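Right, one structure below, let's go through it.
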Amino acid sequence: FLSTGRCYFNKELIVKRIESIRQKEPLLRGSFICNYDGLKITNIKLRTDKLGEIKIFKKPEPNRPYVLGGDTAGEGSDFFTALVIDNITGEHVATLKMQCEELEYVKQVYCLGKYYNNALVGLETNFSTYPTNKLAELKYPKLYVREKEDISVEQYEQKYGFKTTTITRPLILAMLQEIVAEEIEKINDIEILQEMLTFIKNKVGRPEAEQGYHDDLVMGLAITYYIRTQQ
(Lines give C-alpha, C1' and ligand atoms only; values in the text may rest on other atoms or scores of the structure.)
Protein backbone atom coordinates (compact mmCIF):
# COMPACT_ATOMS: atom_id res chain seq x y z
CA PHE A 1 0.00 0.00 0.00
CA LEU A 2 3.00 2.36 -0.05
CA SER A 3 2.78 5.09 -2.67
CA THR A 4 5.44 5.52 -5.29
CA GLY A 5 4.88 9.31 -5.43
CA ARG A 6 5.09 12.00 -2.77
CA CYS A 7 2.63 11.02 -0.04
CA TYR A 8 0.36 13.92 0.96
CA PHE A 9 0.12 12.69 4.55
CA ASN A 10 2.91 11.83 7.01
CA LYS A 11 3.79 8.31 5.90
CA GLU A 12 5.78 7.39 9.02
CA LEU A 13 2.94 8.27 11.35
CA ILE A 14 0.45 6.33 9.25
CA VAL A 15 2.59 3.18 9.19
CA LYS A 16 3.05 3.39 12.99
CA ARG A 17 -0.69 3.80 13.50
CA ILE A 18 -1.44 0.82 11.25
CA GLU A 19 1.01 -1.32 13.23
CA SER A 20 -0.54 -0.25 16.54
CA ILE A 21 -4.09 -1.26 15.54
CA ARG A 22 -3.35 -4.13 13.16
CA GLN A 23 -4.71 -6.75 15.57
CA LYS A 24 -7.66 -4.62 16.65
CA GLU A 25 -10.97 -5.63 15.06
CA PRO A 26 -14.03 -3.34 14.90
CA LEU A 27 -16.37 -3.67 17.87
CA LEU A 28 -18.97 -5.00 15.45
CA ARG A 29 -19.70 -5.14 11.75
CA GLY A 30 -22.99 -5.24 9.89
CA SER A 31 -25.68 -3.14 8.19
CA PHE A 32 -29.09 -1.72 8.99
CA ILE A 33 -32.45 -3.21 8.13
CA CYS A 34 -35.55 -1.03 8.15
CA ASN A 35 -39.02 -0.52 6.73
CA TYR A 36 -39.32 1.98 3.90
CA ASP A 37 -42.67 2.91 2.34
CA GLY A 38 -41.47 5.63 -0.01
CA LEU A 39 -42.23 8.37 2.52
CA LYS A 40 -40.50 7.40 5.73
CA ILE A 41 -38.08 4.95 7.33
CA THR A 42 -39.17 3.05 10.42
CA ASN A 43 -38.26 -0.03 12.51
CA ILE A 44 -34.51 0.49 12.26
CA LYS A 45 -32.37 -2.42 13.42
CA LEU A 46 -28.63 -3.04 13.23
CA ARG A 47 -27.94 -6.53 11.90
CA THR A 48 -24.50 -7.96 12.62
CA ASP A 49 -22.59 -9.53 9.75
CA LYS A 50 -18.83 -10.15 9.67
CA LEU A 51 -18.82 -9.01 6.02
CA GLY A 52 -21.14 -6.04 6.56
CA GLU A 53 -20.50 -2.68 4.93
CA ILE A 54 -20.56 -0.81 8.25
CA LYS A 55 -17.79 -1.04 10.83
CA ILE A 56 -18.54 0.20 14.34
CA PHE A 57 -15.49 1.03 16.44
CA LYS A 58 -17.35 2.70 19.31
CA LYS A 59 -21.05 2.55 20.08
CA PRO A 60 -22.92 5.83 20.59
CA GLU A 61 -23.13 7.27 24.08
CA PRO A 62 -26.38 8.92 25.25
CA ASN A 63 -26.73 12.66 24.59
CA ARG A 64 -23.37 12.84 22.82
CA PRO A 65 -23.04 14.80 19.54
CA TYR A 66 -21.82 12.95 16.44
CA VAL A 67 -21.07 14.03 12.87
CA LEU A 68 -21.39 11.96 9.68
CA GLY A 69 -19.74 13.03 6.44
CA GLY A 70 -19.75 11.10 3.20
CA ASP A 71 -18.34 10.91 -0.30
CA THR A 72 -20.74 9.68 -2.97
CA ALA A 73 -19.91 7.43 -5.91
CA GLY A 74 -19.42 9.40 -9.09
CA GLU A 75 -16.81 10.35 -11.66
CA GLY A 76 -13.67 8.37 -10.82
CA SER A 77 -15.22 7.02 -7.61
CA ASP A 78 -16.62 3.51 -7.20
CA PHE A 79 -17.76 3.57 -3.59
CA PHE A 80 -20.27 5.35 -1.41
CA THR A 81 -18.72 6.17 1.96
CA ALA A 82 -19.78 7.63 5.29
CA LEU A 83 -17.56 8.32 8.29
CA VAL A 84 -18.79 9.12 11.80
CA ILE A 85 -16.83 11.05 14.42
CA ASP A 86 -17.50 11.88 18.07
CA ASN A 87 -17.81 15.66 17.95
CA ILE A 88 -16.47 16.17 21.47
CA THR A 89 -13.24 14.21 21.08
CA GLY A 90 -12.94 14.15 17.28
CA GLU A 91 -12.45 10.37 17.41
CA HIS A 92 -13.53 8.38 14.36
CA VAL A 93 -16.12 5.84 15.55
CA ALA A 94 -17.71 4.26 12.45
CA THR A 95 -17.10 3.62 8.74
CA LEU A 96 -19.52 2.80 5.93
CA LYS A 97 -18.21 1.77 2.53
CA MET A 98 -20.43 0.18 -0.09
CA GLN A 99 -21.17 -0.32 -3.78
CA CYS A 100 -24.93 -0.12 -4.25
CA GLU A 101 -27.88 1.78 -5.67
CA GLU A 102 -28.25 5.34 -4.36
CA LEU A 103 -31.45 4.57 -2.46
CA GLU A 104 -29.75 1.82 -0.44
CA TYR A 105 -26.95 4.24 0.44
CA VAL A 106 -29.54 6.77 1.61
CA LYS A 107 -31.21 4.16 3.82
CA GLN A 108 -27.93 3.14 5.42
CA VAL A 109 -26.83 6.75 6.00
CA TYR A 110 -30.23 7.65 7.46
CA CYS A 111 -30.11 4.69 9.85
CA LEU A 112 -26.46 5.24 10.77
CA GLY A 113 -27.12 8.90 11.52
CA LYS A 114 -30.14 8.04 13.68
CA TYR A 115 -28.10 5.34 15.47
CA TYR A 116 -25.54 7.99 16.42
CA ASN A 117 -28.02 10.28 18.20
CA ASN A 118 -29.28 12.04 15.06
CA ALA A 119 -25.75 12.90 13.92
CA LEU A 120 -25.24 15.95 11.74
CA VAL A 121 -25.08 14.57 8.17
CA GLY A 122 -23.22 16.23 5.30
CA LEU A 123 -22.79 14.34 2.03
CA GLU A 124 -20.80 15.43 -1.02
CA THR A 125 -23.16 16.66 -3.77
CA ASN A 126 -20.86 17.14 -6.76
CA PHE A 127 -21.99 14.23 -8.92
CA SER A 128 -25.45 13.54 -7.51
CA THR A 129 -27.72 15.51 -5.22
CA TYR A 130 -30.09 12.55 -4.89
CA PRO A 131 -28.80 11.17 -1.53
CA THR A 132 -28.94 14.59 0.16
CA ASN A 133 -32.30 15.53 -1.38
CA LYS A 134 -33.75 12.15 -0.41
CA LEU A 135 -32.58 12.57 3.20
CA ALA A 136 -34.32 15.96 3.26
CA GLU A 137 -37.45 14.38 1.77
CA LEU A 138 -37.35 11.72 4.51
CA LYS A 139 -37.09 14.58 7.03
CA TYR A 140 -33.76 13.51 8.46
CA PRO A 141 -33.43 15.89 11.45
CA LYS A 142 -29.91 17.32 11.01
CA LEU A 143 -28.48 18.05 7.58
CA TYR A 144 -25.39 20.15 6.90
CA VAL A 145 -26.26 23.46 5.26
CA ARG A 146 -23.85 25.36 3.03
CA GLU A 147 -24.28 28.89 1.75
CA LYS A 148 -24.33 29.42 -1.99
CA GLU A 149 -23.88 32.95 -3.29
CA ASP A 150 -26.53 34.14 -5.74
CA ILE A 151 -24.70 36.86 -7.67
CA SER A 152 -27.82 38.03 -9.53
CA VAL A 153 -29.49 39.25 -6.34
CA GLU A 154 -26.39 39.59 -4.15
CA GLN A 155 -27.73 37.19 -1.54
CA TYR A 156 -26.76 33.86 -0.03
CA GLU A 157 -28.98 30.89 -0.63
CA GLN A 158 -28.91 27.95 1.79
CA LYS A 159 -28.29 24.52 0.27
CA TYR A 160 -28.02 21.09 1.88
CA GLY A 161 -24.87 19.00 1.43
CA PHE A 162 -21.18 19.62 0.89
CA LYS A 163 -19.83 20.90 -2.43
CA THR A 164 -16.23 20.04 -3.28
CA THR A 165 -14.71 22.94 -5.22
CA THR A 166 -11.27 24.30 -6.06
CA ILE A 167 -11.63 26.36 -2.88
CA THR A 168 -13.07 23.82 -0.44
CA ARG A 169 -11.05 20.76 -1.54
CA PRO A 170 -7.59 22.07 -0.51
CA LEU A 171 -9.13 23.39 2.70
CA ILE A 172 -10.66 20.11 3.89
CA LEU A 173 -7.57 18.11 2.90
CA ALA A 174 -5.24 20.50 4.74
CA MET A 175 -7.43 20.11 7.83
CA LEU A 176 -7.22 16.31 7.58
CA GLN A 177 -3.47 16.52 7.00
CA GLU A 178 -3.17 18.44 10.28
CA ILE A 179 -5.25 15.82 12.13
CA VAL A 180 -2.98 13.06 10.82
CA ALA A 181 0.08 15.01 11.96
CA GLU A 182 -1.24 15.91 15.41
CA GLU A 183 -3.97 13.41 16.34
CA ILE A 184 -3.63 10.31 14.18
CA GLU A 185 -4.65 8.11 17.15
CA LYS A 186 -8.22 9.33 16.54
CA ILE A 187 -8.40 7.38 13.27
CA ASN A 188 -9.36 3.77 14.01
CA ASP A 189 -9.86 2.20 10.58
CA ILE A 190 -6.86 0.59 8.85
CA GLU A 191 -8.63 0.87 5.50
CA ILE A 192 -8.67 4.68 5.79
CA LEU A 193 -5.00 4.73 6.74
CA GLN A 194 -4.14 2.49 3.79
CA GLU A 195 -5.87 4.93 1.44
CA MET A 196 -3.80 7.72 2.96
CA LEU A 197 -0.60 5.88 2.07
CA THR A 198 -1.49 6.05 -1.62
CA PHE A 199 -2.82 9.61 -1.54
CA ILE A 200 -0.12 11.64 -3.26
CA LYS A 201 0.75 15.00 -4.73
CA ASN A 202 0.70 14.62 -8.51
CA LYS A 203 3.11 16.27 -10.94
CA VAL A 204 1.43 19.66 -10.57
CA GLY A 205 1.13 19.34 -6.78
CA ARG A 206 -2.56 18.42 -6.63
CA PRO A 207 -3.36 15.90 -3.85
CA GLU A 208 -5.17 12.83 -5.20
CA ALA A 209 -5.24 9.04 -5.09
CA GLU A 210 -2.38 7.42 -6.94
CA GLN A 211 -3.45 5.83 -10.21
CA GLY A 212 -5.17 2.49 -9.55
CA TYR A 213 -6.10 3.36 -5.95
CA HIS A 214 -9.09 4.98 -4.24
CA ASP A 215 -9.63 8.01 -2.01
CA ASP A 216 -13.34 7.59 -1.17
CA LEU A 217 -12.68 7.16 2.56
CA VAL A 218 -10.07 9.92 2.70
CA MET A 219 -12.43 12.44 1.10
CA GLY A 220 -15.35 11.30 3.24
CA LEU A 221 -13.32 11.73 6.43
CA ALA A 222 -12.04 15.14 5.29
CA ILE A 223 -15.64 16.29 4.76
CA THR A 224 -16.65 14.95 8.18
CA TYR A 225 -14.02 16.90 10.07
CA TYR A 226 -14.74 20.05 8.07
CA ILE A 227 -18.49 20.14 8.73
CA ARG A 228 -18.26 19.35 12.45
CA THR A 229 -18.39 23.01 13.51
CA GLN A 230 -22.05 23.14 12.41
CA GLN A 231 -23.11 20.43 14.91
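Each chain in the C-alpha coordinates gets a letter, A, B and so on, in the order shown; residues start at 1 in every chain, and ligands are counted from 1 in the order they appear.
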**Asked** Could you name the residues that touch Asp216 in chain A at 10 Å or less, counting only C-alpha atoms, but leaving out those on the same chain fewer than 6 positions away, as a PyMOL selection string?
**Response** chain A and resi 70-73+76-82+97+192+195+209
Range 26-31 of chain A surroundings by only C-alpha atoms, 9 Å radius, close-in-sequence under 3 positions cut, as a CSV table (one decimal) with N, CA, C and O atoms, in the first residue's frame:
chain,number,residue,atom,x,y,z
A,45,LYS,N,-33.1,-1.4,12.6
A,45,LYS,CA,-32.4,-2.4,13.4
A,45,LYS,C,-31.0,-2.6,12.8
A,45,LYS,O,-30.8,-2.7,11.6
A,46,LEU,N,-30.0,-2.8,13.7
A,46,LEU,CA,-28.6,-3.0,13.2
A,46,LEU,C,-28.4,-4.5,13.2
A,46,LEU,O,-28.6,-5.2,14.3
A,47,ARG,N,-28.1,-5.1,12.1
A,47,ARG,CA,-27.9,-6.5,11.9
A,47,ARG,C,-26.4,-6.8,11.8
A,47,ARG,O,-25.8,-6.3,10.9
A,48,THR,N,-25.9,-7.6,12.7
A,48,THR,CA,-24.5,-8.0,12.6
A,48,THR,C,-24.2,-8.9,11.5
A,48,THR,O,-25.0,-9.8,11.2
A,49,ASP,N,-23.0,-8.7,10.9
A,49,ASP,CA,-22.6,-9.5,9.8
A,49,ASP,C,-21.1,-9.3,9.6
A,49,ASP,O,-20.7,-8.1,9.4
A,50,LYS,N,-20.3,-10.3,9.7
A,50,LYS,CA,-18.8,-10.2,9.7
A,50,LYS,C,-18.3,-9.6,8.3
A,50,LYS,O,-17.2,-9.1,8.2
A,51,LEU,N,-19.2,-9.6,7.3
A,51,LEU,CA,-18.8,-9.0,6.0
A,51,LEU,C,-19.6,-7.7,5.7
A,51,LEU,O,-19.6,-7.3,4.6
A,52,GLY,N,-20.3,-7.2,6.7
A,52,GLY,CA,-21.1,-6.0,6.6
A,52,GLY,C,-20.4,-4.8,6.1
A,52,GLY,O,-19.2,-4.6,6.4
A,53,GLU,N,-21.1,-3.9,5.5
A,53,GLU,CA,-20.5,-2.7,4.9
A,53,GLU,C,-20.2,-1.6,6.0
A,53,GLU,O,-19.5,-0.7,5.7
A,54,ILE,N,-20.8,-1.8,7.2
A,54,ILE,CA,-20.6,-0.8,8.3
A,54,ILE,C,-19.7,-1.4,9.4
A,54,ILE,O,-19.9,-2.5,9.8
A,55,LYS,N,-18.7,-0.6,9.7
A,55,LYS,CA,-17.8,-1.0,10.8
A,55,LYS,C,-18.0,-0.1,12.0
A,55,LYS,O,-17.9,1.1,11.8
A,56,ILE,N,-18.3,-0.6,13.1
A,56,ILE,CA,-18.5,0.2,14.3
A,56,ILE,C,-17.3,0.0,15.3
A,56,ILE,O,-17.0,-1.1,15.7
A,57,PHE,N,-16.7,1.1,15.6
A,57,PHE,CA,-15.5,1.0,16.4
A,57,PHE,C,-15.8,1.5,17.9
A,57,PHE,O,-15.2,1.0,18.8
A,58,LYS,N,-16.8,2.3,18.0
A,58,LYS,CA,-17.4,2.7,19.3
A,58,LYS,C,-18.8,2.9,19.2
A,58,LYS,O,-19.3,3.6,18.3
A,59,LYS,N,-19.6,2.4,20.1
A,59,LYS,CA,-21.1,2.6,20.1
A,59,LYS,C,-21.4,4.0,20.6
A,59,LYS,O,-20.6,4.6,21.3
A,94,ALA,N,-17.0,5.2,13.4
A,94,ALA,CA,-17.7,4.3,12.4
A,94,ALA,C,-17.4,4.6,11.0
A,94,ALA,O,-17.1,5.7,10.6
A,96,LEU,N,-18.7,3.5,6.9
A,96,LEU,CA,-19.5,2.8,5.9
A,96,LEU,C,-18.9,2.9,4.6
A,96,LEU,O,-18.4,4.0,4.2
A,108,GLN,N,-29.0,3.5,4.5
A,108,GLN,CA,-27.9,3.1,5.4
A,108,GLN,C,-27.4,4.4,6.1
A,108,GLN,O,-27.2,4.4,7.3
A,112,LEU,N,-27.7,5.0,10.0
A,112,LEU,CA,-26.5,5.2,10.8
A,112,LEU,C,-26.5,6.6,11.5
A,112,LEU,O,-26.0,6.7,12.7
A,188,ASN,N,-9.4,5.2,13.6
A,188,ASN,CA,-9.4,3.8,14.0
A,188,ASN,C,-9.4,2.7,12.9
A,188,ASN,O,-9.3,1.5,13.2
A,189,ASP,N,-9.6,3.1,11.7
A,189,ASP,CA,-9.9,2.2,10.6
A,189,ASP,C,-8.6,2.0,9.7
A,189,ASP,O,-8.2,3.0,9.1
**Request:** Can you list, as number ranges by chain, all residues belonging to range 28-132 of chain A that DSSP tags as helix (DSSP H, G or I)?
**Result:** A: 102-115, 130-132
**Request:** Would you list, as a PyMOL selection string, the residues of chain A that end up in strand (DSSP E) under DSSP run on this structure's backbone?
**Result:** chain A and resi 6-7+28-36+41-48+54-56+66-70+80-86+92-98+120-123+145-150+155-160+199-201+207-209
**Prompt:** Taking into account only C-alpha atoms, which residue in the set A:Arg17, A:Gly38, A:Tyr8, A:Ala119 is nearest to Glu61 in chain A?
**Reply:**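 Smallest separation from Glu61 in chain A among the options: A:Ala119.
Across A:Gln194, A:Thr224, A:Thr165, A:Gln231, the tightest approach to Cys7 in chain A is made by A:Gln194 when counting only C-alpha atoms.
In terms of minimum interatomic distance to Ala222 in chain A, A:His92 ranks closest within A:Arg64, A:Lys134, A:His92, A:Arg22, counting only C-alpha atoms.
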**Prompt:** How far is it from CA of Tyr160 in chain A to CA of Tyr115 in chain A, in Å with one decimal?
**Reply:**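 Taking CA of Tyr160 in chain A and CA of Tyr115 in chain A, their separation equals 20.8 Å.
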**Message:** Using only C-alpha atoms for the distances, tell me which of A:Glu191, A:Glu182, A:Asp37, A:Glu104 is nearest to Leu83 in chain A.
**Reply:** A:Glu191
**Item:** Distance in Å - CA of Gln230 in chain A versus CA of Glu101 in chain A
**Value:** 28.6 Å
Where does range 69-107 of chain A meet range 170-179 of chain A within 12 Å, residue by residue, with the nearest atom pair and distance in Å to one decimal for each, counting only C-alpha atoms, listed by chain and rising number, as CSV?
residue,atom,partner,partner_atom,distance
A:Gly69,CA,A:Ile172,CA,11.8
A:Gly90,CA,A:Ile179,CA,9.4
A:Glu91,CA,A:Ile179,CA,10.5
A:His92,CA,A:Ile179,CA,11.4
N, CA and C atoms of the current selection, written as a short mmCIF file (atom, residue, chain, number, x, y, z; two decimals), in the first residue's frame:
data_model
loop_
_atom_site.label_atom_id
_atom_site.label_comp_id
_atom_site.auth_asym_id
_atom_site.auth_seq_id
_atom_site.Cartn_x
_atom_site.Cartn_y
_atom_site.Cartn_z
N GLY A 69 -20.02 12.46 7.76
CA GLY A 69 -19.74 13.03 6.44
C GLY A 69 -19.56 11.91 5.44
N GLY A 90 -13.45 14.22 18.65
CA GLY A 90 -12.94 14.15 17.28
C GLY A 90 -12.55 12.74 16.87
N GLU A 91 -12.83 11.75 17.73
CA GLU A 91 -12.45 10.37 17.41
C GLU A 91 -13.37 9.77 16.35
N HIS A 92 -12.78 9.10 15.39
CA HIS A 92 -13.53 8.38 14.36
C HIS A 92 -14.12 7.12 14.98
#
**Request:** Would you mind reading off the distance between CA of Gln211 in chain A and CA of Gly161 in chain A, one decimal, in Å?
**Result:**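 These two atoms are separated by 27.7 Å.
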**Asked** With only C-alpha atoms as the basis for distance, which of A:Tyr226, A:Phe162, A:Tyr213, A:Tyr66 is at the shortest distance from Ile200 in chain A?
**Response**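 For Ile200 in chain A, the nearest of the candidates is A:Tyr213.
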